[in-house]
Amino acid sequence: MWMDFGFEFVNFYLVPGLVLGCIYALGAVGITLTFGILRFANFAHGELMMTGTYLAWTFGAVVLATTGVVLHPLITAIPAMAGAVVLALLIDRYFYKPFRDAPTIMVVIASFGMMLIVRSAVQVIWGPNQIAFVRGIDKPNAAVREFTQSIDMMLLIPNKHFWIIGGTIVIVLLLHYLLEHTRIGKAMRAVSDSPDLARVTGINVEVVVRATWIVGGMSAVMAGVFLAMDTQTLETTMGFRMLLPMFAAAILGGIGRPFGAVFGGLVIGLAEELVAYPWIGTEPLISPGYKTGVAFAIMVVMLIVRPSGIFKGRTF
């Protein structure tokens, strides 16, 4: 009976698309905040995500070696977020702040150089080889399994996917509260609209900039940890591979619109997975080897048709 409802479609295309979309969404939040407030494309954002994930793995490995306790990746992500935030603030202080008043292209080139520096540093510290992340639980959740058996279905969703989707929902709700109901969140929105006007009204723009790096760094680490939980591997190119889809998500939702970035991430993730589904006949609509090009295609089309994005973000 379940085959009539699309067992293969839900388990192998829809749910993985949602999971991938959640990862893109969290990564795109930091990009869109940086773009909206600091007015430049931060190409080092993917490397910040990657570095935070390595820090989470290291913390878990140290605890396991000293106490024999296996910590959940979401727990190891907490100290990793602190480390990534410190790294982001140091990068801003010593590499980006001197270019605050410089032409945008100079900051973009600086961010590209920082991307290469951070990746090389990670390769020196942890090595260039792939590392196995903490293995997730591949069996379906017991409550879900009992429910699906009772209605004669076969919904096979690993626990890690529940953690990723549920964790993303919680983070987005916290982000909503931060931006809508706190003073720093309102200040961030004001600086995004007009830095000069915000400065005239007494808002400390440098404090807002630091808050932007903190929020962006934390969301980047969670995106990286979720990605490692899903793939169960770590590699130094993981951030670079995620960079284009995250930029596409930010542009699709609208630059400077955090919730637009979340929506754009979900759209990009679902699009990449669903285009590989055999909608006609038995062959995939697009070969899975080419599905990553979907993000680039959506980004280019959106820049041509609606540069401000779906939620009418900032254009430059």
# chains A, B, ... in the order shown; residues from 1 in each chain; ligands from 1
$ residues_around --residues "Ile268 (chain A)" --least-positions-apart "3" --cutoff "6 Å" --atoms "only C-alpha atoms" --output "PyMOL selection string"
chain A and resi 265+271+295
$ write_last_selection --atoms "N, CA and C atoms" --output "short mmCIF file (atom, residue, chain, number, x, y, z; two decimals), in the first residue's frame"
data_model
loop_
_atom_site.label_atom_id
_atom_site.label_comp_id
_atom_site.auth_asym_id
_atom_site.auth_seq_id
_atom_site.Cartn_x
_atom_site.Cartn_y
_atom_site.Cartn_z
N GLY A 265 17.41 28.08 1.14
CA GLY A 265 18.14 26.84 1.39
C GLY A 265 17.28 25.62 1.21
N ALA A 271 15.40 21.02 -4.56
CA ALA A 271 15.59 21.00 -6.01
C ALA A 271 16.71 20.06 -6.41
N ALA A 295 21.91 24.27 -8.28
CA ALA A 295 22.03 25.45 -7.43
C ALA A 295 22.55 26.64 -8.23
#
$ select_by_dssp --residues "region 21-255 of chain A" --states "strand (DSSP E or B)" --output "number ranges by chain"
A: 131-132, 140, 158, 233-234
$ closest_residue --among "A:Ala211, A:Ala276, A:Val205, A:Leu64" --to "Arg100 (chain A)" --atoms "only C-alpha atoms"
A:Val205
$ residues_around --residues "Phe40 (chain A)" --least-positions-apart "5" --cutoff "12 Å" --atoms "only C-alpha atoms" --output "list in words"
Gly30, Ile31, Thr32, Leu33, Thr34, Phe35, His45, Tyr96, Phe99, Arg100, Asp101, Ala102, Pro103, Thr104, Ile105, Met106, Val107, Val108, Ile109, Ala110, Ser111, Phe112, Ile255, Gly256, Arg314, Thr315 and Phe316 of chain A
$ write_last_selection --atoms "N, CA and C atoms" --output "compact mmCIF listing (two decimals), in the first residue's frame"
# COMPACT_ATOMS: atom_id res chain seq x y z
N GLY A 30 24.39 32.96 7.72
CA GLY A 30 25.60 33.73 7.97
C GLY A 30 26.02 34.53 6.76
N ILE A 31 25.88 33.95 5.57
CA ILE A 31 26.26 34.66 4.34
C ILE A 31 25.38 35.89 4.13
N THR A 32 24.06 35.71 4.31
CA THR A 32 23.15 36.82 4.04
C THR A 32 23.29 37.92 5.09
N LEU A 33 23.59 37.55 6.36
CA LEU A 33 23.81 38.58 7.38
C LEU A 33 25.08 39.38 7.08
N THR A 34 26.15 38.67 6.71
CA THR A 34 27.40 39.35 6.37
C THR A 34 27.23 40.26 5.17
N PHE A 35 26.53 39.75 4.15
CA PHE A 35 26.31 40.53 2.94
C PHE A 35 25.43 41.73 3.23
N HIS A 45 33.33 31.93 4.43
CA HIS A 45 32.26 31.42 5.30
C HIS A 45 32.24 29.88 5.31
N TYR A 96 39.51 42.03 8.00
CA TYR A 96 38.41 42.71 7.33
C TYR A 96 38.22 44.15 7.78
N PHE A 99 39.61 47.09 5.94
CA PHE A 99 39.03 47.35 4.62
C PHE A 99 37.61 47.87 4.72
N ARG A 100 37.18 48.32 5.90
CA ARG A 100 35.80 48.77 6.09
C ARG A 100 35.40 49.85 5.06
N ASP A 101 36.31 50.78 4.83
CA ASP A 101 35.99 51.90 3.94
C ASP A 101 36.60 51.72 2.55
N ALA A 102 37.16 50.56 2.30
CA ALA A 102 37.77 50.31 1.00
C ALA A 102 36.70 49.85 0.00
N PRO A 103 37.01 49.88 -1.29
CA PRO A 103 36.07 49.35 -2.28
C PRO A 103 35.72 47.89 -1.98
N THR A 104 34.49 47.52 -2.30
CA THR A 104 34.00 46.18 -1.97
C THR A 104 34.86 45.08 -2.55
N ILE A 105 35.38 45.28 -3.76
CA ILE A 105 36.16 44.24 -4.42
C ILE A 105 37.40 43.89 -3.61
N MET A 106 37.97 44.85 -2.87
CA MET A 106 39.15 44.57 -2.06
C MET A 106 38.81 43.65 -0.89
N VAL A 107 37.64 43.85 -0.28
CA VAL A 107 37.23 42.99 0.82
C VAL A 107 36.92 41.59 0.31
N VAL A 108 36.31 41.50 -0.86
CA VAL A 108 36.00 40.20 -1.45
C VAL A 108 37.28 39.41 -1.72
N ILE A 109 38.29 40.09 -2.28
CA ILE A 109 39.57 39.43 -2.54
C ILE A 109 40.22 39.00 -1.22
N ALA A 110 40.11 39.86 -0.19
CA ALA A 110 40.65 39.50 1.12
C ALA A 110 39.95 38.27 1.68
N SER A 111 38.63 38.17 1.49
CA SER A 111 37.90 37.00 1.99
C SER A 111 38.29 35.74 1.23
N PHE A 112 38.56 35.90 -0.07
CA PHE A 112 39.01 34.74 -0.85
C PHE A 112 40.37 34.26 -0.36
N ILE A 255 19.19 38.93 -0.41
CA ILE A 255 20.34 39.30 0.40
C ILE A 255 19.91 40.20 1.56
N GLY A 256 20.35 39.84 2.77
CA GLY A 256 19.98 40.60 3.94
C GLY A 256 18.70 40.13 4.59
N ARG A 314 18.42 43.07 -0.46
CA ARG A 314 19.25 44.17 -0.93
C ARG A 314 19.89 43.83 -2.27
N THR A 315 20.00 44.81 -3.14
CA THR A 315 20.72 44.68 -4.40
C THR A 315 21.87 45.68 -4.40
N PHE A 316 22.97 45.31 -5.09
CA PHE A 316 24.16 46.16 -5.09
C PHE A 316 24.56 46.46 -6.53
$ atom_distance --atom1 "CA of Val221 (chain A)" --atom2 "CA of Met49 (chain A)"
4.9 Å
$ select_by_dssp --residues "region 81-312 of chain A" --states "alpha helix (DSSP H)" --output "ChimeraX atom specification"
/A:81-91,104-126,142-150,159-181,183-193,195-200,205-231,238-253,258-274,293-305
$ closest_residue --among "A:Ala28, A:Val191, A:Val15, A:Leu285" --to "Phe263 (chain A)" --atoms "only C-alpha atoms"
A:Ala28
$ closest_residue --among "A:Leu252, A:Ala261, A:Ile286, A:Met114" --to "Ile298 (chain A)" --atoms "only C-alpha atoms"
A:Leu252
$ residues_around --residues "Ala84 (chain A)" --least-positions-apart "2" --cutoff "8 Å" --atoms "only C-alpha atoms" --output "VMD selection string"
chain A and resid 48 to 49 51 to 52 80 to 82 86 to 88 217 to 218 221
$ closest_residue --among "A:Gly127, A:Val275, A:Thr58, A:Gly113" --to "Gly289 (chain A)" --atoms "only C-alpha atoms"
A:Val275
$ closest_residue --among "A:Leu234, A:Leu243, A:Ala190, A:Ile75" --to "Ile203 (chain A)" --atoms "only C-alpha atoms"
A:Ala190
$ closest_residue --among "A:Glu273, A:Asp230, A:Asp92, A:Glu283" --to "Ile23 (chain A)" --atoms "only C-alpha atoms"
A:Asp230
$ residues_around --residues "Phe240 (chain A)" --least-positions-apart "3" --cutoff "12 Å" --atoms "only C-alpha atoms" --output "PyMOL selection string"
chain A and resi 27+42-51+112+115-116+118-119+224+235-237+243-247
$ write_last_selection --atoms "N, CA and C atoms" --output "mmCIF file, in the first residue's frame"
data_model
loop_
_atom_site.group_PDB
_atom_site.id
_atom_site.type_symbol
_atom_site.label_atom_id
_atom_site.label_comp_id
_atom_site.auth_asym_id
_atom_site.auth_seq_id
_atom_site.Cartn_x
_atom_site.Cartn_y
_atom_site.Cartn_z
ATOM 1 N N GLY A 27 23.712 27.523 6.705
ATOM 2 C CA GLY A 27 24.914 28.128 6.140
ATOM 3 C C GLY A 27 24.623 29.458 5.474
ATOM 4 N N ASN A 42 31.370 37.032 1.695
ATOM 5 C CA ASN A 42 32.415 36.399 2.497
ATOM 6 C C ASN A 42 32.689 34.986 1.982
ATOM 7 N N PHE A 43 33.717 34.852 1.143
ATOM 8 C CA PHE A 43 34.045 33.544 0.587
ATOM 9 C C PHE A 43 34.677 32.608 1.615
ATOM 10 N N ALA A 44 35.061 33.139 2.759
ATOM 11 C CA ALA A 44 35.651 32.302 3.802
ATOM 12 C C ALA A 44 34.592 31.677 4.712
ATOM 13 N N HIS A 45 33.327 31.928 4.433
ATOM 14 C CA HIS A 45 32.264 31.416 5.301
ATOM 15 C C HIS A 45 32.240 29.882 5.309
ATOM 16 N N GLY A 46 32.459 29.283 4.158
ATOM 17 C CA GLY A 46 32.483 27.822 4.098
ATOM 18 C C GLY A 46 33.627 27.229 4.901
ATOM 19 N N GLU A 47 34.772 27.910 4.908
ATOM 20 C CA GLU A 47 35.906 27.410 5.690
ATOM 21 C C GLU A 47 35.667 27.583 7.187
ATOM 22 N N LEU A 48 34.920 28.611 7.568
ATOM 23 C CA LEU A 48 34.539 28.768 8.974
ATOM 24 C C LEU A 48 33.642 27.614 9.400
ATOM 25 N N MET A 49 32.731 27.240 8.535
ATOM 26 C CA MET A 49 31.858 26.098 8.789
ATOM 27 C C MET A 49 32.676 24.819 8.934
ATOM 28 N N MET A 50 33.622 24.621 8.036
ATOM 29 C CA MET A 50 34.472 23.432 8.066
ATOM 30 C C MET A 50 35.347 23.394 9.318
ATOM 31 N N THR A 51 35.940 24.533 9.683
ATOM 32 C CA THR A 51 36.800 24.586 10.865
ATOM 33 C C THR A 51 36.014 24.276 12.131
ATOM 34 N N PHE A 112 38.561 35.901 -0.075
ATOM 35 C CA PHE A 112 39.008 34.742 -0.855
ATOM 36 C C PHE A 112 40.370 34.265 -0.365
ATOM 37 N N MET A 115 39.953 32.461 2.876
ATOM 38 C CA MET A 115 39.452 31.110 2.650
ATOM 39 C C MET A 115 40.613 30.137 2.439
ATOM 40 N N LEU A 116 41.579 30.519 1.625
ATOM 41 C CA LEU A 116 42.721 29.650 1.354
ATOM 42 C C LEU A 116 43.609 29.504 2.588
ATOM 43 N N VAL A 118 42.696 29.728 5.841
ATOM 44 C CA VAL A 118 42.041 28.881 6.846
ATOM 45 C C VAL A 118 42.077 27.422 6.427
ATOM 46 N N ARG A 119 41.823 27.153 5.150
ATOM 47 C CA ARG A 119 41.839 25.758 4.689
ATOM 48 C C ARG A 119 43.231 25.161 4.832
ATOM 49 N N GLY A 224 27.779 22.866 9.491
ATOM 50 C CA GLY A 224 28.862 21.912 9.267
ATOM 51 C C GLY A 224 28.681 20.631 10.066
ATOM 52 N N GLU A 235 36.131 16.437 5.718
ATOM 53 C CA GLU A 235 37.188 16.686 4.752
ATOM 54 C C GLU A 235 37.373 18.184 4.602
ATOM 55 N N THR A 236 38.576 18.586 4.239
ATOM 56 C CA THR A 236 38.909 20.010 4.232
ATOM 57 C C THR A 236 38.255 20.780 3.094
ATOM 58 N N THR A 237 37.644 20.089 2.135
ATOM 59 C CA THR A 237 36.978 20.783 1.030
ATOM 60 C C THR A 237 35.475 20.865 1.221
ATOM 61 N N LEU A 243 29.763 26.139 -0.529
ATOM 62 C CA LEU A 243 29.733 27.589 -0.679
ATOM 63 C C LEU A 243 28.749 28.044 -1.757
ATOM 64 N N LEU A 244 28.797 27.448 -2.950
ATOM 65 C CA LEU A 244 27.930 27.861 -4.045
ATOM 66 C C LEU A 244 26.458 27.657 -3.712
ATOM 67 N N PRO A 245 26.049 26.468 -3.228
ATOM 68 C CA PRO A 245 24.630 26.318 -2.871
ATOM 69 C C PRO A 245 24.183 27.288 -1.782
ATOM 70 N N MET A 246 25.062 27.595 -0.824
ATOM 71 C CA MET A 246 24.682 28.534 0.236
ATOM 72 C C MET A 246 24.513 29.940 -0.324
ATOM 73 N N PHE A 247 25.397 30.353 -1.239
ATOM 74 C CA PHE A 247 25.235 31.648 -1.881
ATOM 75 C C PHE A 247 23.960 31.675 -2.714
#
